[in-house]
$ cat query.pdb   # PDB, C-alpha atoms
ATOM      1  CA  MET M   1      -5.303   7.171  11.871
ATOM      2  CA  ALA M   2      -3.861   7.329  15.367
ATOM      3  CA  SER M   3      -0.328   6.007  15.637
ATOM      4  CA  LYS M   4       1.533   4.622  18.628
ATOM      5  CA  ILE M   5       4.743   5.978  17.121
ATOM      6  CA  LYS M   6       4.870   9.766  17.222
ATOM      7  CA  THR M   7       8.163  10.526  15.463
ATOM      8  CA  ILE M   8      10.075   8.667  12.774
ATOM      9  CA  GLY M   9      13.322   9.307  10.944
ATOM     10  CA  VAL M  10      14.356   8.644   7.366
ATOM     11  CA  LEU M  11      17.831   8.305   5.854
ATOM     12  CA  THR M  12      19.466   7.165   2.626
ATOM     13  CA  SER M  13      22.548   4.986   2.766
ATOM     14  CA  GLY M  14      25.106   3.490   0.382
ATOM     15  CA  GLY M  15      25.105   4.407  -3.305
ATOM     16  CA  ASP M  16      22.512   6.925  -4.448
ATOM     17  CA  ALA M  17      19.783   5.868  -6.864
ATOM     18  CA  PRO M  18      17.289   7.862  -8.971
ATOM     19  CA  GLY M  19      13.919   7.683  -7.252
ATOM     20  CA  MET M  20      15.257   7.966  -3.715
ATOM     21  CA  ASN M  21      13.749  11.445  -3.456
ATOM     22  CA  ALA M  22      10.355  10.049  -4.434
ATOM     23  CA  ALA M  23      10.696   7.513  -1.611
ATOM     24  CA  ILE M  24      11.748  10.168   0.921
ATOM     25  CA  ARG M  25       8.813  12.352  -0.119
ATOM     26  CA  ALA M  26       6.390   9.448   0.285
ATOM     27  CA  VAL M  27       7.774   8.517   3.710
ATOM     28  CA  VAL M  28       7.404  12.106   4.903
ATOM     29  CA  ARG M  29       3.939  12.780   3.540
ATOM     30  CA  GLY M  30       2.684   9.275   4.274
ATOM     31  CA  ALA M  31       3.796   9.547   7.889
ATOM     32  CA  ILE M  32       2.377  13.053   8.329
ATOM     33  CA  SER M  33      -0.976  11.905   6.950
ATOM     34  CA  GLN M  34      -1.067   9.338   9.779
ATOM     35  CA  GLY M  35      -0.258  11.828  12.518
ATOM     36  CA  MET M  36       3.469  11.192  12.836
ATOM     37  CA  ASN M  37       6.291  13.710  12.866
ATOM     38  CA  VAL M  38       9.284  13.124  10.584
ATOM     39  CA  LYS M  39      12.954  13.953  10.968
ATOM     40  CA  GLY M  40      15.438  13.739   8.125
ATOM     41  CA  ILE M  41      18.861  12.273   8.858
ATOM     42  CA  TYR M  42      21.556  13.618   6.546
ATOM     43  CA  GLN M  43      24.604  11.682   5.261
ATOM     44  CA  GLY M  44      23.225   8.243   6.151
ATOM     45  CA  TYR M  45      24.525   6.374   9.188
ATOM     46  CA  LYS M  46      27.554   8.668   9.274
ATOM     47  CA  GLY M  47      25.299  11.690   9.671
ATOM     48  CA  LEU M  48      23.229   9.875  12.267
ATOM     49  CA  LEU M  49      26.336   9.351  14.407
ATOM     50  CA  ASN M  50      27.168  13.043  13.966
ATOM     51  CA  GLY M  51      23.652  14.150  14.917
ATOM     52  CA  GLU M  52      22.852  15.657  11.503
ATOM     53  CA  ILE M  53      19.090  15.562  12.048
ATOM     54  CA  ALA M  54      16.401  18.082  11.087
ATOM     55  CA  ASP M  55      12.612  18.259  11.074
ATOM     56  CA  LEU M  56      10.905  17.578   7.744
ATOM     57  CA  THR M  57       7.468  18.852   6.753
ATOM     58  CA  ALA M  58       5.276  18.217   3.739
ATOM     59  CA  ARG M  59       6.735  21.385   2.223
ATOM     60  CA  SER M  60      10.316  20.219   2.868
ATOM     61  CA  VAL M  61       9.906  17.598   0.144
ATOM     62  CA  SER M  62       8.083  19.757  -2.395
ATOM     63  CA  ASP M  63       9.471  19.667  -5.951
ATOM     64  CA  THR M  64      11.867  16.805  -5.177
ATOM     65  CA  ILE M  65      10.171  13.897  -6.939
ATOM     66  CA  SER M  66      11.667  14.757 -10.335
ATOM     67  CA  LYS M  67      15.225  15.165  -9.062
ATOM     68  CA  GLY M  68      17.921  12.521  -9.136
ATOM     69  CA  GLY M  69      20.233  11.690  -6.252
ATOM     70  CA  THR M  70      19.047  12.083  -2.673
ATOM     71  CA  MET M  71      18.101  15.295  -0.911
ATOM     72  CA  LEU M  72      19.313  13.729   2.355
ATOM     73  CA  TYR M  73      22.742  12.949   0.866
ATOM     74  CA  THR M  74      24.489   9.669   1.562
ATOM     75  CA  ALA M  75      27.764   8.388   2.944
ATOM     76  CA  ARG M  76      29.375   5.232   4.264
ATOM     77  CA  SER M  77      30.375   4.826   7.896
ATOM     78  CA  MET M  78      33.020   2.467   9.279
ATOM     79  CA  GLU M  79      32.101   3.488  12.838
ATOM     80  CA  PHE M  80      28.512   2.339  12.400
ATOM     81  CA  ARG M  81      29.721  -1.167  11.518
ATOM     82  CA  THR M  82      30.949  -1.631  15.081
ATOM     83  CA  PRO M  83      28.678  -2.639  18.002
ATOM     84  CA  GLU M  84      29.707   0.565  19.790
ATOM     85  CA  GLY M  85      28.726   2.653  16.782
ATOM     86  CA  GLN M  86      25.372   0.914  16.502
ATOM     87  CA  GLN M  87      24.601   1.482  20.178
ATOM     88  CA  LYS M  88      25.595   5.134  19.823
ATOM     89  CA  ALA M  89      23.270   5.479  16.819
ATOM     90  CA  ALA M  90      20.352   3.953  18.749
ATOM     91  CA  ASP M  91      21.014   6.290  21.663
ATOM     92  CA  ILE M  92      21.082   9.337  19.362
ATOM     93  CA  LEU M  93      17.785   8.304  17.804
ATOM     94  CA  ARG M  94      16.171   8.052  21.233
ATOM     95  CA  GLU M  95      17.656  11.396  22.320
ATOM     96  CA  ASN M  96      15.942  12.965  19.316
ATOM     97  CA  GLY M  97      12.636  11.266  20.078
ATOM     98  CA  ILE M  98      12.853   9.042  16.999
ATOM     99  CA  GLU M  99      10.999   5.792  17.636
ATOM    100  CA  GLY M 100      10.976   4.434  14.080
ATOM    101  CA  LEU M 101      13.424   4.654  11.198
ATOM    102  CA  VAL M 102      13.122   4.151   7.430
ATOM    103  CA  VAL M 103      16.403   3.192   5.760
ATOM    104  CA  ILE M 104      16.507   3.572   1.970
ATOM    105  CA  GLY M 105      19.426   1.709   0.433
ATOM    106  CA  GLY M 106      20.824  -1.713  -0.389
ATOM    107  CA  ASP M 107      21.643  -4.896   1.481
ATOM    108  CA  GLY M 108      24.480  -3.340   3.485
ATOM    109  CA  SER M 109      22.130  -0.609   4.646
ATOM    110  CA  PHE M 110      19.541  -3.223   5.612
ATOM    111  CA  ALA M 111      22.071  -5.109   7.706
ATOM    112  CA  GLY M 112      22.576  -1.887   9.691
ATOM    113  CA  ALA M 113      18.819  -1.436  10.005
ATOM    114  CA  GLY M 114      18.574  -4.950  11.417
ATOM    115  CA  ARG M 115      21.161  -4.117  14.069
ATOM    116  CA  LEU M 116      19.153  -1.060  15.146
ATOM    117  CA  ALA M 117      15.990  -3.150  15.313
ATOM    118  CA  LYS M 118      17.690  -5.464  17.782
ATOM    119  CA  LEU M 119      18.536  -2.399  19.859
ATOM    120  CA  GLY M 120      14.875  -1.461  20.135
ATOM    121  CA  ILE M 121      14.435   0.948  17.216
ATOM    122  CA  ASN M 122      11.539   0.127  14.882
ATOM    123  CA  THR M 123      13.207  -0.076  11.472
ATOM    124  CA  ILE M 124      11.949  -0.566   7.923
ATOM    125  CA  GLY M 125      14.195  -0.991   4.865
ATOM    126  CA  VAL M 126      13.278   0.313   1.412
ATOM    127  CA  PRO M 127      15.273  -1.141  -1.534
ATOM    128  CA  GLY M 128      17.046   1.707  -3.302
ATOM    129  CA  THR M 129      19.874   0.523  -5.565
ATOM    130  CA  ILE M 130      20.507   0.638  -9.300
ATOM    131  CA  ASP M 131      21.999  -2.875  -9.144
ATOM    132  CA  LEU M 132      18.658  -4.774  -8.856
ATOM    133  CA  ASP M 133      20.500  -7.256  -6.638
ATOM    134  CA  ILE M 134      18.211  -7.508  -3.579
ATOM    135  CA  ALA M 135      16.752 -11.005  -3.615
ATOM    136  CA  CYS M 136      13.509 -10.396  -1.700
ATOM    137  CA  THR M 137      12.143  -8.000  -4.320
ATOM    138  CA  GLU M 138      11.599  -8.109  -8.065
ATOM    139  CA  TYR M 139      12.405  -4.403  -8.351
ATOM    140  CA  THR M 140      14.721  -1.917  -6.681
ATOM    141  CA  ILE M 141      14.378   1.858  -6.895
ATOM    142  CA  GLY M 142      16.774   3.363  -9.431
ATOM    143  CA  PHE M 143      17.267   0.425 -11.783
ATOM    144  CA  ASP M 144      14.952   1.635 -14.540
ATOM    145  CA  THR M 145      16.544   5.082 -14.746
ATOM    146  CA  ALA M 146      20.076   3.671 -14.627
ATOM    147  CA  VAL M 147      19.478   1.048 -17.295
ATOM    148  CA  ASN M 148      17.805   3.576 -19.598
ATOM    149  CA  THR M 149      20.709   6.000 -19.112
ATOM    150  CA  ALA M 150      23.139   3.219 -20.008
ATOM    151  CA  MET M 151      21.054   2.100 -22.991
ATOM    152  CA  GLU M 152      20.963   5.605 -24.474
ATOM    153  CA  ALA M 153      24.722   6.023 -24.022
ATOM    154  CA  ILE M 154      25.433   2.657 -25.652
ATOM    155  CA  ASP M 155      23.269   3.618 -28.642
ATOM    156  CA  LYS M 156      25.500   6.653 -29.136
ATOM    157  CA  VAL M 157      28.688   4.617 -28.837
ATOM    158  CA  ARG M 158      27.334   2.153 -31.397
ATOM    159  CA  ASP M 159      26.838   4.989 -33.900
ATOM    160  CA  THR M 160      30.478   6.029 -33.779
ATOM    161  CA  SER M 161      31.658   2.417 -33.516
ATOM    162  CA  THR M 162      29.840   1.630 -36.765
ATOM    163  CA  SER M 163      31.284   4.697 -38.494
ATOM    164  CA  HIS M 164      34.828   3.597 -37.677
ATOM    165  CA  GLU M 165      34.130  -0.148 -37.989
ATOM    166  CA  ARG M 166      35.411  -0.651 -34.461
ATOM    167  CA  CYS M 167      34.918  -3.058 -31.645
ATOM    168  CA  SER M 168      33.672  -1.235 -28.556
ATOM    169  CA  ILE M 169      33.794  -2.537 -25.007
ATOM    170  CA  ILE M 170      31.299  -0.616 -22.891
ATOM    171  CA  GLU M 171      31.467  -1.070 -19.124
ATOM    172  CA  VAL M 172      28.279  -0.541 -17.140
ATOM    173  CA  MET M 173      27.677  -0.392 -13.395
ATOM    174  CA  GLY M 174      26.018  -2.987 -11.196
ATOM    175  CA  ARG M 175      28.714  -3.914  -8.684
ATOM    176  CA  ASN M 176      28.807  -7.749  -8.644
ATOM    177  CA  ALA M 177      25.428  -8.128 -10.340
ATOM    178  CA  GLY M 178      24.939  -8.297 -14.098
ATOM    179  CA  TYR M 179      21.380  -7.015 -14.466
ATOM    180  CA  ILE M 180      22.227  -3.662 -16.078
ATOM    181  CA  ALA M 181      24.658  -5.397 -18.449
ATOM    182  CA  LEU M 182      22.158  -8.105 -19.399
ATOM    183  CA  TRP M 183      19.254  -5.731 -19.962
ATOM    184  CA  CYS M 184      21.437  -3.437 -22.073
ATOM    185  CA  GLY M 185      22.794  -6.431 -23.957
ATOM    186  CA  ILE M 186      19.276  -7.245 -25.108
ATOM    187  CA  ALA M 187      18.064  -3.643 -25.513
ATOM    188  CA  ASN M 188      21.149  -2.482 -27.431
ATOM    189  CA  GLY M 189      21.615  -5.623 -29.515
ATOM    190  CA  ALA M 190      25.140  -6.268 -28.252
ATOM    191  CA  GLU M 191      27.216  -8.992 -29.848
ATOM    192  CA  ASP M 192      28.643 -10.108 -26.489
ATOM    193  CA  VAL M 193      27.575  -9.541 -22.873
ATOM    194  CA  LEU M 194      29.949 -10.324 -20.010
ATOM    195  CA  LEU M 195      28.195 -11.079 -16.713
ATOM    196  CA  PRO M 196      29.878 -11.668 -13.333
ATOM    197  CA  GLU M 197      27.453 -14.532 -12.736
ATOM    198  CA  SER M 198      28.516 -16.512 -15.817
ATOM    199  CA  TYR M 199      31.649 -15.130 -17.515
ATOM    200  CA  ASP M 200      34.394 -17.763 -17.774
ATOM    201  CA  TYR M 201      37.203 -15.267 -18.594
ATOM    202  CA  ASP M 202      37.954 -17.059 -21.860
ATOM    203  CA  GLU M 203      38.861 -14.088 -24.069
ATOM    204  CA  GLN M 204      39.621 -16.381 -26.968
ATOM    205  CA  LYS M 205      35.871 -16.953 -27.346
ATOM    206  CA  LEU M 206      35.376 -13.194 -27.691
ATOM    207  CA  ILE M 207      38.211 -12.973 -30.200
ATOM    208  CA  ASN M 208      36.840 -15.868 -32.259
ATOM    209  CA  ASN M 209      33.362 -14.319 -32.254
ATOM    210  CA  ILE M 210      34.664 -10.956 -33.450
ATOM    211  CA  ILE M 211      36.620 -12.597 -36.288
ATOM    212  CA  GLU M 212      33.680 -14.821 -37.291
ATOM    213  CA  LEU M 213      31.183 -11.947 -37.357
ATOM    214  CA  ARG M 214      33.607  -9.852 -39.429
ATOM    215  CA  LYS M 215      33.662 -12.636 -41.984
ATOM    216  CA  ARG M 216      29.868 -12.486 -42.086
ATOM    217  CA  GLY M 217      29.958  -8.773 -42.858
ATOM    218  CA  LYS M 218      29.529  -7.170 -39.432
ATOM    219  CA  LYS M 219      31.010  -3.657 -39.471
ATOM    220  CA  HIS M 220      31.155  -3.191 -35.718
ATOM    221  CA  HIS M 221      31.125  -5.251 -32.528
ATOM    222  CA  ILE M 222      29.646  -4.217 -29.188
ATOM    223  CA  ILE M 223      30.768  -5.948 -25.998
ATOM    224  CA  ILE M 224      28.913  -4.921 -22.834
ATOM    225  CA  ASN M 225      31.080  -5.566 -19.815
ATOM    226  CA  ALA M 226      29.704  -5.578 -16.274
ATOM    227  CA  GLU M 227      31.448  -3.612 -13.534
ATOM    228  CA  GLY M 228      31.975  -6.818 -11.568
ATOM    229  CA  ILE M 229      34.355  -8.001 -14.312
ATOM    230  CA  GLY M 230      35.946  -4.645 -15.135
ATOM    231  CA  HIS M 231      39.393  -4.139 -16.690
ATOM    232  CA  SER M 232      37.785  -2.957 -19.930
ATOM    233  CA  SER M 233      40.761  -0.892 -21.114
ATOM    234  CA  SER M 234      43.295  -3.719 -20.832
ATOM    235  CA  MET M 235      40.778  -6.107 -22.410
ATOM    236  CA  ALA M 236      40.417  -3.726 -25.349
ATOM    237  CA  ARG M 237      44.180  -3.669 -25.916
ATOM    238  CA  ARG M 238      44.401  -7.455 -25.898
ATOM    239  CA  ILE M 239      41.463  -7.888 -28.287
ATOM    240  CA  GLU M 240      42.856  -5.327 -30.734
ATOM    241  CA  ALA M 241      46.244  -7.048 -30.708
ATOM    242  CA  ALA M 242      44.654 -10.454 -31.322
ATOM    243  CA  THR M 243      42.110  -9.443 -33.998
ATOM    244  CA  GLY M 244      43.662  -6.447 -35.731
ATOM    245  CA  VAL M 245      40.306  -4.674 -35.244
ATOM    246  CA  GLU M 246      40.496  -1.215 -33.671
ATOM    247  CA  THR M 247      39.005  -1.632 -30.191
ATOM    248  CA  ARG M 248      38.018   1.083 -27.742
ATOM    249  CA  ALA M 249      36.821   0.910 -24.152
ATOM    250  CA  THR M 250      34.151   3.222 -22.731
ATOM    251  CA  ILE M 251      33.385   3.193 -19.015
ATOM    252  CA  LEU M 252      29.997   4.814 -18.406
ATOM    253  CA  GLY M 253      30.558   5.174 -14.665
ATOM    254  CA  HIS M 254      28.511   7.288 -12.300
ATOM    255  CA  MET M 255      26.458   9.008 -14.984
ATOM    256  CA  GLN M 256      24.187   5.969 -14.526
ATOM    257  CA  ARG M 257      23.346   7.091 -10.980
ATOM    258  CA  GLY M 258      22.231  10.571 -12.006
ATOM    259  CA  GLY M 259      19.418  12.216 -13.890
ATOM    260  CA  SER M 260      15.717  12.715 -13.415
ATOM    261  CA  PRO M 261      14.079   9.396 -12.452
ATOM    262  CA  THR M 262      11.773   7.653 -14.890
ATOM    263  CA  CYS M 263       8.059   7.299 -14.232
ATOM    264  CA  ARG M 264       8.655   3.738 -13.024
ATOM    265  CA  ASP M 265      11.201   4.853 -10.431
ATOM    266  CA  ARG M 266       9.009   7.722  -9.254
ATOM    267  CA  VAL M 267       6.006   5.434  -8.821
ATOM    268  CA  PHE M 268       7.924   2.575  -7.191
ATOM    269  CA  GLY M 269       9.770   5.005  -4.941
ATOM    270  CA  SER M 270       6.477   6.567  -3.900
ATOM    271  CA  MET M 271       4.723   3.268  -3.283
ATOM    272  CA  MET M 272       7.588   1.711  -1.348
ATOM    273  CA  GLY M 273       8.122   4.838   0.758
ATOM    274  CA  ALA M 274       4.425   5.077   1.611
ATOM    275  CA  TYR M 275       4.335   1.355   2.435
ATOM    276  CA  ALA M 276       7.269   1.808   4.836
ATOM    277  CA  ALA M 277       5.434   4.626   6.629
ATOM    278  CA  ASP M 278       2.335   2.399   6.874
ATOM    279  CA  LEU M 279       4.375  -0.407   8.449
ATOM    280  CA  LEU M 280       5.767   1.920  11.109
ATOM    281  CA  ALA M 281       2.284   3.277  11.811
ATOM    282  CA  GLU M 282       1.201  -0.330  12.433
ATOM    283  CA  GLY M 283       4.044  -0.796  14.913
ATOM    284  CA  LYS M 284       6.038  -3.116  12.629
ATOM    285  CA  SER M 285       9.825  -3.352  12.822
ATOM    286  CA  ASP M 286      12.765  -5.243  11.339
ATOM    287  CA  ARG M 287      11.093  -5.435   7.907
ATOM    288  CA  VAL M 288      12.183  -4.846   4.300
ATOM    289  CA  VAL M 289       9.690  -3.599   1.713
ATOM    290  CA  GLY M 290       9.582  -5.526  -1.547
ATOM    291  CA  TYR M 291       7.587  -5.990  -4.740
ATOM    292  CA  ARG M 292       6.500  -9.454  -5.840
ATOM    293  CA  ASP M 293       3.826 -10.800  -8.174
ATOM    294  CA  GLY M 294       2.296  -7.393  -8.769
ATOM    295  CA  THR M 295       1.994  -6.214  -5.190
ATOM    296  CA  TRP M 296       3.993  -4.581  -2.397
ATOM    297  CA  VAL M 297       5.065  -6.941   0.367
ATOM    298  CA  ASP M 298       7.433  -6.998   3.344
ATOM    299  CA  TYR M 299       9.918  -9.486   4.774
ATOM    300  CA  ASP M 300      11.888  -9.964   7.951
ATOM    301  CA  ILE M 301      15.274  -8.269   7.410
ATOM    302  CA  THR M 302      17.325 -11.333   8.353
ATOM    303  CA  GLU M 303      15.197 -13.533   6.099
ATOM    304  CA  ALA M 304      15.538 -11.038   3.250
ATOM    305  CA  LEU M 305      19.326 -10.867   3.542
ATOM    306  CA  GLU M 306      19.591 -14.662   3.441
ATOM    307  CA  MET M 307      17.666 -14.926   0.154
ATOM    308  CA  GLN M 308      19.617 -15.641  -3.026
ATOM    309  CA  LYS M 309      19.033 -14.102  -6.439
ATOM    310  CA  SER M 310      20.273 -15.330  -9.799
ATOM    311  CA  ILE M 311      20.324 -14.010 -13.335
ATOM    312  CA  PRO M 312      17.433 -15.505 -15.384
ATOM    313  CA  ASP M 313      18.925 -18.213 -17.624
ATOM    314  CA  TYR M 314      16.329 -17.608 -20.319
ATOM    315  CA  MET M 315      17.282 -13.937 -20.641
ATOM    316  CA  VAL M 316      20.938 -14.954 -21.030
ATOM    317  CA  ARG M 317      20.025 -17.462 -23.747
ATOM    318  CA  VAL M 318      17.910 -14.879 -25.568
ATOM    319  CA  ALA M 319      20.736 -12.322 -25.456
ATOM    320  CA  LYS M 320      23.062 -14.857 -27.097
ATOM    321  CA  ALA M 321      20.529 -16.049 -29.654
ATOM    322  CA  LEU M 322      19.718 -12.522 -30.846
ATOM    323  CA  SER M 323      23.367 -11.479 -31.223
ATOM    324  CA  ILE M 324      24.139 -13.546 -34.336
TER
END

$ encode --input "query.pdb" --output "structure tokens"
Amino acid sequence: MASKIKTIGVLTSGGDAPGMNAAIRAVVRGAISQGMNVKGIYQGYKGLLNGEIADLTARSVSDTISKGGTMLYTARSMEFRTPEGQQKAADILRENGIEGLVVIGGDGSFAGAGRLAKLGINTIGVPGTIDLDIACTEYTIGFDTAVNTAMEAIDKVRDTSTSHERCSIIEVMGRNAGYIALWCGIANGAEDVLLPESYDYDEQKLINNIIELRKRGKKHHIIINAEGIGHSSSMARRIEAATGVETRATILGHMQRGGSPTCRDRVFGSMMGAYAADLLAEGKSDRVVGYRDGTWVDYDITEALEMQKSIPDYMVRVAKALSI
């Protein structure tokens, strides 16, 4: 297929997510299959401002689909947040013959992509974040791998927690979104799940629940705490003092970002990356790729950023009902 755009760029921005390499690979090979050249931009918007740009071929992305992280690396840039930095970035893209740009990242990355679109660069956003917090799409690249990594770690903590008849507070990532915590709460059978969207910071309820379940014969107690609430170690000390039950905090941290992506993340990364390349080949700009109702779709970036997303109430109720 002939394309009006001859050369596109691709970068990853913000936090890394398993499956980003699958998306990069799909952008590169999808674009090449439509007659476009592809340049990789290293270190996100920071690297763009520093001119860290190199040609990518179909062979450049060989054997990357199974690897975690991002082969293009990622970084945050304060300079790019300024109008001067954005104009500089657009100028650098033009100097390198880059007419279209695929940005793989989260909502902050998309806001930057929208700025470049207004400066005349065709831009497409691809949702890559373990947090699952982008409202325009039902799925974001990296979530499945991250939540499975967390689930497996929590299973292991439960084993030792049961052996010592402890209460364990396990903190998972997700920034200000509680999706990883909620999914793990259901998958791991946690007794309590603390979500930024709904937690009322009433620790006495947690304390009462621990005491009540002990009376019913529970030998352990798992509390999954979302990153947006945090302070797991100090919470553990207070709960132990109030209940007399040995309580330990485990913060899973950045292990959730790593590891070989699951099949779901490889497929979604591939489909979303290829869709982004298709949009650029069609001359589209200022769009975000999403997945809704079983198909891949795209939205205006400004419209996408204005959408709101909430935790499903029914999932929260189920998590509570199954924890008795």

$ closest_residue --input "query.pdb" --among "M:Arg158, M:Arg248, M:Lys309, M:Arg317" --to "M:Gly189" --atoms "all atoms listed in the file"
M:Arg158

$ resolve_selection --input "query.pdb" --expression "the PyMOL selection byres ((chain M and resi 130-143) around 9)" --output "PyMOL selection string"
chain M and resi 15-20+23+105-107+126-129+144-148+173-180+256-257+261-262+264-266+268-269+272+288-293+297-299+303-310

$ resolve_selection --input "query.pdb" --expression "the PyMOL selection byres ((chain M and resi 225) around 7)" --output "PyMOL selection string"
chain M and resi 169-172+181+193-195+223-224+226-227+229-230

$ closest_residue --input "query.pdb" --among "M:Ala111, M:Ala242, M:Ile8, M:Ile154" --to "M:Val27" --atoms "all atoms listed in the file"
M:Ile8

$ resolve_selection --input "query.pdb" --expression "the PyMOL selection byres ((chain M and resi 78) around 12)" --output "list of chain:residue names"
M:Gly14, M:Gly44, M:Tyr45, M:Lys46, M:Leu49, M:Ala75, M:Arg76, M:Ser77, M:Glu79, M:Phe80, M:Arg81, M:Thr82, M:Pro83, M:Glu84, M:Gly85, M:Gln86, M:Gly108, M:Gly112

$ write_last_selection --input "query.pdb" --atoms "C-alpha atoms" --output "PDB file, keeping the file's coordinate frame"
ATOM      1  CA  GLY M  14      25.106   3.490   0.382  1.00  0.00           C
ATOM      2  CA  GLY M  44      23.225   8.243   6.151  1.00  0.00           C
ATOM      3  CA  TYR M  45      24.525   6.374   9.188  1.00  0.00           C
ATOM      4  CA  LYS M  46      27.554   8.668   9.274  1.00  0.00           C
ATOM      5  CA  LEU M  49      26.336   9.351  14.407  1.00  0.00           C
ATOM      6  CA  ALA M  75      27.764   8.388   2.944  1.00  0.00           C
ATOM      7  CA  ARG M  76      29.375   5.232   4.264  1.00  0.00           C
ATOM      8  CA  SER M  77      30.375   4.826   7.896  1.00  0.00           C
ATOM      9  CA  GLU M  79      32.101   3.488  12.838  1.00  0.00           C
ATOM     10  CA  PHE M  80      28.512   2.339  12.400  1.00  0.00           C
ATOM     11  CA  ARG M  81      29.721  -1.167  11.518  1.00  0.00           C
ATOM     12  CA  THR M  82      30.949  -1.631  15.081  1.00  0.00           C
ATOM     13  CA  PRO M  83      28.678  -2.639  18.002  1.00  0.00           C
ATOM     14  CA  GLU M  84      29.707   0.565  19.790  1.00  0.00           C
ATOM     15  CA  GLY M  85      28.726   2.653  16.782  1.00  0.00           C
ATOM     16  CA  GLN M  86      25.372   0.914  16.502  1.00  0.00           C
ATOM     17  CA  GLY M 108      24.480  -3.340   3.485  1.00  0.00           C
ATOM     18  CA  GLY M 112      22.576  -1.887   9.691  1.00  0.00           C
TER      19      GLY M 112
END

$ build_atoms --input "query.pdb" --residues "stretch 81-95 of chain M" --atoms "N, CA and C atoms" --output "short mmCIF file (atom, residue, chain, number, x, y, z; two decimals), keeping the file's coordinate frame"
data_model
loop_
_atom_site.label_atom_id
_atom_site.label_comp_id
_atom_site.auth_asym_id
_atom_site.auth_seq_id
_atom_site.Cartn_x
_atom_site.Cartn_y
_atom_site.Cartn_z
N ARG M 81 29.61 0.29 11.65
CA ARG M 81 29.72 -1.17 11.52
C ARG M 81 30.12 -1.84 12.82
N THR M 82 30.54 -1.06 13.80
CA THR M 82 30.95 -1.63 15.08
C THR M 82 29.77 -1.67 16.04
N PRO M 83 29.76 -2.60 17.00
CA PRO M 83 28.68 -2.64 18.00
C PRO M 83 28.57 -1.33 18.78
N GLU M 84 29.71 -0.71 19.06
CA GLU M 84 29.71 0.56 19.79
C GLU M 84 29.04 1.66 18.96
N GLY M 85 29.33 1.66 17.66
CA GLY M 85 28.73 2.65 16.78
C GLY M 85 27.23 2.46 16.65
N GLN M 86 26.80 1.21 16.61
CA GLN M 86 25.37 0.91 16.50
C GLN M 86 24.62 1.32 17.77
N GLN M 87 25.23 1.06 18.92
CA GLN M 87 24.60 1.48 20.18
C GLN M 87 24.53 3.00 20.27
N LYS M 88 25.58 3.67 19.83
CA LYS M 88 25.60 5.13 19.82
C LYS M 88 24.48 5.67 18.93
N ALA M 89 24.31 5.03 17.75
CA ALA M 89 23.27 5.48 16.82
C ALA M 89 21.88 5.32 17.44
N ALA M 90 21.65 4.18 18.09
CA ALA M 90 20.35 3.95 18.75
C ALA M 90 20.11 4.98 19.84
N ASP M 91 21.15 5.29 20.59
CA ASP M 91 21.01 6.29 21.66
C ASP M 91 20.68 7.67 21.09
N ILE M 92 21.33 8.03 19.99
CA ILE M 92 21.08 9.34 19.36
C ILE M 92 19.65 9.41 18.85
N LEU M 93 19.17 8.33 18.27
CA LEU M 93 17.78 8.30 17.80
C LEU M 93 16.82 8.55 18.97
N ARG M 94 17.05 7.88 20.07
CA ARG M 94 16.17 8.05 21.23
C ARG M 94 16.26 9.47 21.79
N GLU M 95 17.48 10.02 21.83
CA GLU M 95 17.66 11.40 22.32
C GLU M 95 16.87 12.40 21.48
#
